[in-house]
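S.K.: First the structure, then my questions, so here it is.
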Amino acid sequence: MIGAEAGGKATRRPSWPVLLVVVCAQMLIWLDTSVLNVAVTTLADPADGLGATPAELEWVASAYTLVFAGALFAGGALADRFGPRTTLLAGLALFGVASGAGAFVSSPGWLIVARAVMGAGSALLMPATLSVIVQSTPEEKRTRAIAIWSSSSGLGVAVGPVVGGALLSNFWWGSVFLVNVPIVALCMAGVAAVVPELKAPRRRQLDLPGMTLSVLGLGGVVYGIIELGNGRTWFGPHVLLPLLLGGALLAAFVAAQRRSPAPSLDVRLFRQPGFAAGSVVLLIAFMALAGHLFYAAFYLQGPRGLSPSDAGLMMIAAAIGIVLGSQASPAMSRRLTARWTVAAGVLATAVTYIAYAWLDGGTPLWFIAALLWIQGFGMGLVGTPVTAVMMSGVPPQLAGAGSAINSVTRQVGGTLGVAMAGSILSGVYRSRMSDTAELPDSVRELPPASAEQARTSAEAARSLADSLHLPELASTADRAFLDAMYAATLSIAALALIGFAVSVTGLRTRTRK
């Protein structure tokens, strides 16, 4: 088992059962996220799902990550205040209850609420898992332990699409959320059995006003971005006003944290170049990844014509890449330094995003699988060395806060990435489907209500095409979606190249062995 001194430092290496339980709990977050990536097409289907619009699907993803990101600071404080074991159990319980409730909702709005509560559970869960590892692992073993922790994302990405695809092919859409309940029960039993108490040297105060400011501020920014993709003008009240209010609230949050004697976001940590640059790289890398996965799921089950189970199997290539990249990154960091290992990983992902601009309905599956593998391997190279650099200078009493910042950058990036990619995807698709000069005669002659439904999403257009026996409508929607995907993927690639530049110029700290 694990022992801890009064000062919060570990006295011995954690046992493998403890590490296994912590990794399984962490994997649950990525399992749920990857399952949702496969389920979005079904959720958009008016017949088999909830008939969710693109904006509602963006909120299904964003509500989770918004609350996750905003509450992570409170989760880190709770882990430092009450210990990571107690916080971990509470997070698992909340996540499980919300998952069970979300499986039986009757509208996209209630699913968004359930996903928000799941985000609160994950916000308690994630900082606690990393805090256990950081507090209980000797410094010379910490990089390897963090690599195993990071690889849990690959395991979740591997299992999630396969399980989700199988469930969607045989059961109703709610089964992809209900499956979390027995997994949560097993994780809670494991935590109660093998994870010991790890007392922090001091108790930090909770910053509920700061959490509120961060959630509302980020929510305003995301709302403005999503509404821009729905055809709103950028200077209108539905876009510019929430963007300005969101930015002002986030600025107020940062200012309040600088003055607070017990901040949830300790800005002193950003004075370390490695911590600041690592946060920016993680933000950009996960922003690009989440945005890419959002449109990739629609592509695989739309123009490429794969079933949910086949699309899930295809995603295994990315999962294998993430696991292998995570395990290879410590050795590469020792040889190349963290700076160049991370730079290589981000550049590899950028290349795969660019390649999506040449995909169509007939692209060979082996080529898509190769792109996913390279993308996964690149992301695997990024996570471990960046996390090790960021956490190397964090004092033990701030391990929960440091791990929360590490995690919140990933979730904020994911939220902004989905909003950005979804906005581009929705805006370009609607523009193409509204260009009557490019539409077939049978599509131009649709009644106004049917034409509006076809412009809502490619999934709605295909459902309408099936009911009206108009195959040309489905093919038109596929072409419009591909144009939208090309615009989104080139924007995501440009973002990844910015991340490459930041990693080269900002990550100059060598990872500690």
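Labels for the structure tokens follow display order: chains A, B, ..., residues from 1 in each chain, ligands from 1.
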Give me the residues near Ala98 in chain A as a PyMOL selection string, where near means some atom within 7 Å (using only C-alpha atoms) and where sequence neighbours in that chain fewer than 6 positions away do not count.
M.R.: chain A and resi 114+117-118
S.K.: Assign secondary structure with DSSP using the backbone only, and return the residues of range 187-350 of chain A in helix (DSSP H, G or I) as a count of residues only.
M.R.: 126
S.K.: If we count only C-alpha atoms and set the cut-off at 6 Å, which residues sit around Gly121 in chain A, ignoring sequence neighbours fewer than 6 positions away in its own chain? Please answer as a tab-separated table (two decimals) with N, CA and C atoms, in the first residue's frame.
M.R.:
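Resulting contents of result.tsv:
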chain	number	residue	atom	x	y	z
A	91	GLY	N	-16.85	11.84	-6.70
A	91	GLY	CA	-16.95	12.08	-8.13
A	91	GLY	C	-17.52	10.90	-8.88
A	94	LEU	N	-21.38	10.70	-8.24
A	94	LEU	CA	-22.13	11.71	-8.98
A	94	LEU	C	-22.17	11.39	-10.46
A	95	PHE	N	-21.06	10.95	-11.00
A	95	PHE	CA	-20.98	10.58	-12.42
A	95	PHE	C	-21.93	9.43	-12.73
S.K.: Within 9 Å of Ser62 in chain A, counting only C-alpha atoms, which residues qualify if same-chain residues fewer than 3 places away don't, as JSON, numbers by chain?
M.R.: {"A": [57, 58, 59, 65, 66, 67, 112, 115, 116, 219, 222, 414, 415, 416, 418, 419]}
S.K.: Quick one: write out the picked residues with C-alpha atoms as a PDB file, in the first residue's frame?
M.R.:
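Produced file selection.pdb, reproduced below:
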ATOM      1  CA  LEU A  57     -25.233  18.314 -30.114  1.00  0.00           C
ATOM      2  CA  GLU A  58     -22.534  20.899 -29.517  1.00  0.00           C
ATOM      3  CA  TRP A  59     -24.191  21.711 -26.192  1.00  0.00           C
ATOM      4  CA  THR A  65     -16.821  20.103 -20.575  1.00  0.00           C
ATOM      5  CA  LEU A  66     -17.998  23.541 -19.444  1.00  0.00           C
ATOM      6  CA  VAL A  67     -18.942  22.298 -15.988  1.00  0.00           C
ATOM      7  CA  ILE A 112     -27.660  18.526 -21.823  1.00  0.00           C
ATOM      8  CA  ARG A 115     -24.223  15.808 -19.215  1.00  0.00           C
ATOM      9  CA  ALA A 116     -23.562  18.929 -17.132  1.00  0.00           C
ATOM     10  CA  GLY A 219     -20.199  29.519 -21.294  1.00  0.00           C
ATOM     11  CA  VAL A 222     -18.925  29.043 -26.236  1.00  0.00           C
ATOM     12  CA  GLY A 414     -12.091  20.422 -25.792  1.00  0.00           C
ATOM     13  CA  THR A 415     -15.011  22.786 -25.186  1.00  0.00           C
ATOM     14  CA  LEU A 416     -13.637  25.474 -27.478  1.00  0.00           C
ATOM     15  CA  VAL A 418     -16.092  21.402 -30.373  1.00  0.00           C
ATOM     16  CA  ALA A 419     -17.649  24.863 -30.479  1.00  0.00           C
TER      17      ALA A 419
END
S.K.: So that I can see what lies close to Leu31 in chain A, please list as a PyMOL selection string the residues with an atom at most 7 Å from it, counting only C-alpha atoms and leaving out residues fewer than 2 positions away in the same chain.
M.R.: chain A and resi 27-29+33-35+156-157+159-160
S.K.: Go ahead and write the residues just picked, N, CA and C atoms, as a PDB file, in the first residue's frame.
M.R.:
ATOM      1  N   MET A  27      -9.898   6.376 -16.702  1.00  0.00           N
ATOM      2  CA  MET A  27     -10.307   5.911 -18.027  1.00  0.00           C
ATOM      3  C   MET A  27     -11.794   6.117 -18.258  1.00  0.00           C
ATOM      4  N   LEU A  28     -12.586   6.119 -17.180  1.00  0.00           N
ATOM      5  CA  LEU A  28     -14.032   6.272 -17.309  1.00  0.00           C
ATOM      6  C   LEU A  28     -14.392   7.572 -18.013  1.00  0.00           C
ATOM      7  N   ILE A  29     -13.637   8.649 -17.740  1.00  0.00           N
ATOM      8  CA  ILE A  29     -13.902   9.940 -18.373  1.00  0.00           C
ATOM      9  C   ILE A  29     -13.738   9.833 -19.881  1.00  0.00           C
ATOM     10  N   THR A  33     -16.463  10.013 -23.121  1.00  0.00           N
ATOM     11  CA  THR A  33     -16.270  10.978 -24.208  1.00  0.00           C
ATOM     12  C   THR A  33     -16.209  10.290 -25.562  1.00  0.00           C
ATOM     13  N   SER A  34     -15.481   9.172 -25.638  1.00  0.00           N
ATOM     14  CA  SER A  34     -15.340   8.473 -26.921  1.00  0.00           C
ATOM     15  C   SER A  34     -16.637   7.793 -27.331  1.00  0.00           C
ATOM     16  N   VAL A  35     -17.419   7.318 -26.356  1.00  0.00           N
ATOM     17  CA  VAL A  35     -18.736   6.758 -26.677  1.00  0.00           C
ATOM     18  C   VAL A  35     -19.625   7.828 -27.293  1.00  0.00           C
ATOM     19  N   GLY A 156      -9.470   4.291 -22.835  1.00  0.00           N
ATOM     20  CA  GLY A 156     -10.853   4.741 -22.911  1.00  0.00           C
ATOM     21  C   GLY A 156     -11.300   4.974 -24.342  1.00  0.00           C
ATOM     22  N   VAL A 157     -10.425   5.587 -25.126  1.00  0.00           N
ATOM     23  CA  VAL A 157     -10.730   5.832 -26.540  1.00  0.00           C
ATOM     24  C   VAL A 157     -10.866   4.520 -27.295  1.00  0.00           C
ATOM     25  N   VAL A 159     -11.797   1.413 -25.939  1.00  0.00           N
ATOM     26  CA  VAL A 159     -12.954   0.641 -25.505  1.00  0.00           C
ATOM     27  C   VAL A 159     -14.261   1.363 -25.836  1.00  0.00           C
ATOM     28  N   GLY A 160     -14.276   2.686 -25.672  1.00  0.00           N
ATOM     29  CA  GLY A 160     -15.504   3.453 -25.838  1.00  0.00           C
ATOM     30  C   GLY A 160     -16.189   3.284 -27.176  1.00  0.00           C
TER      31      GLY A 160
END
S.K.: My list of candidates is A:Arg410, A:Ala79, A:Val97, A:Leu365. Which is closest to Trp30 in chain A when distances are computed with only C-alpha atoms?
M.R.: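 Looking only at the distances to Trp30 in chain A, the closest residue turns out to be A:Arg410.
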S.K.: Which is closest to Asp310 in chain A among A:Val342, A:Met379, A:Leu50, A:Val163, if we use only C-alpha atoms?
M.R.: A:Val163
S.K.: Which value, in Å to one decimal, gives the distance between CA of Val408 in chain A and CA of Ala39 in chain A?
M.R.: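 Value for the CA of Val408 in chain A-CA of Ala39 in chain A distance: 24.3 Å.
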S.K.: Measuring between only C-alpha atoms, which one of A:Ser463, A:Thr489, A:Arg334, A:Thr387 shows the shortest distance to Thr349 in chain A?
M.R.: A:Thr489
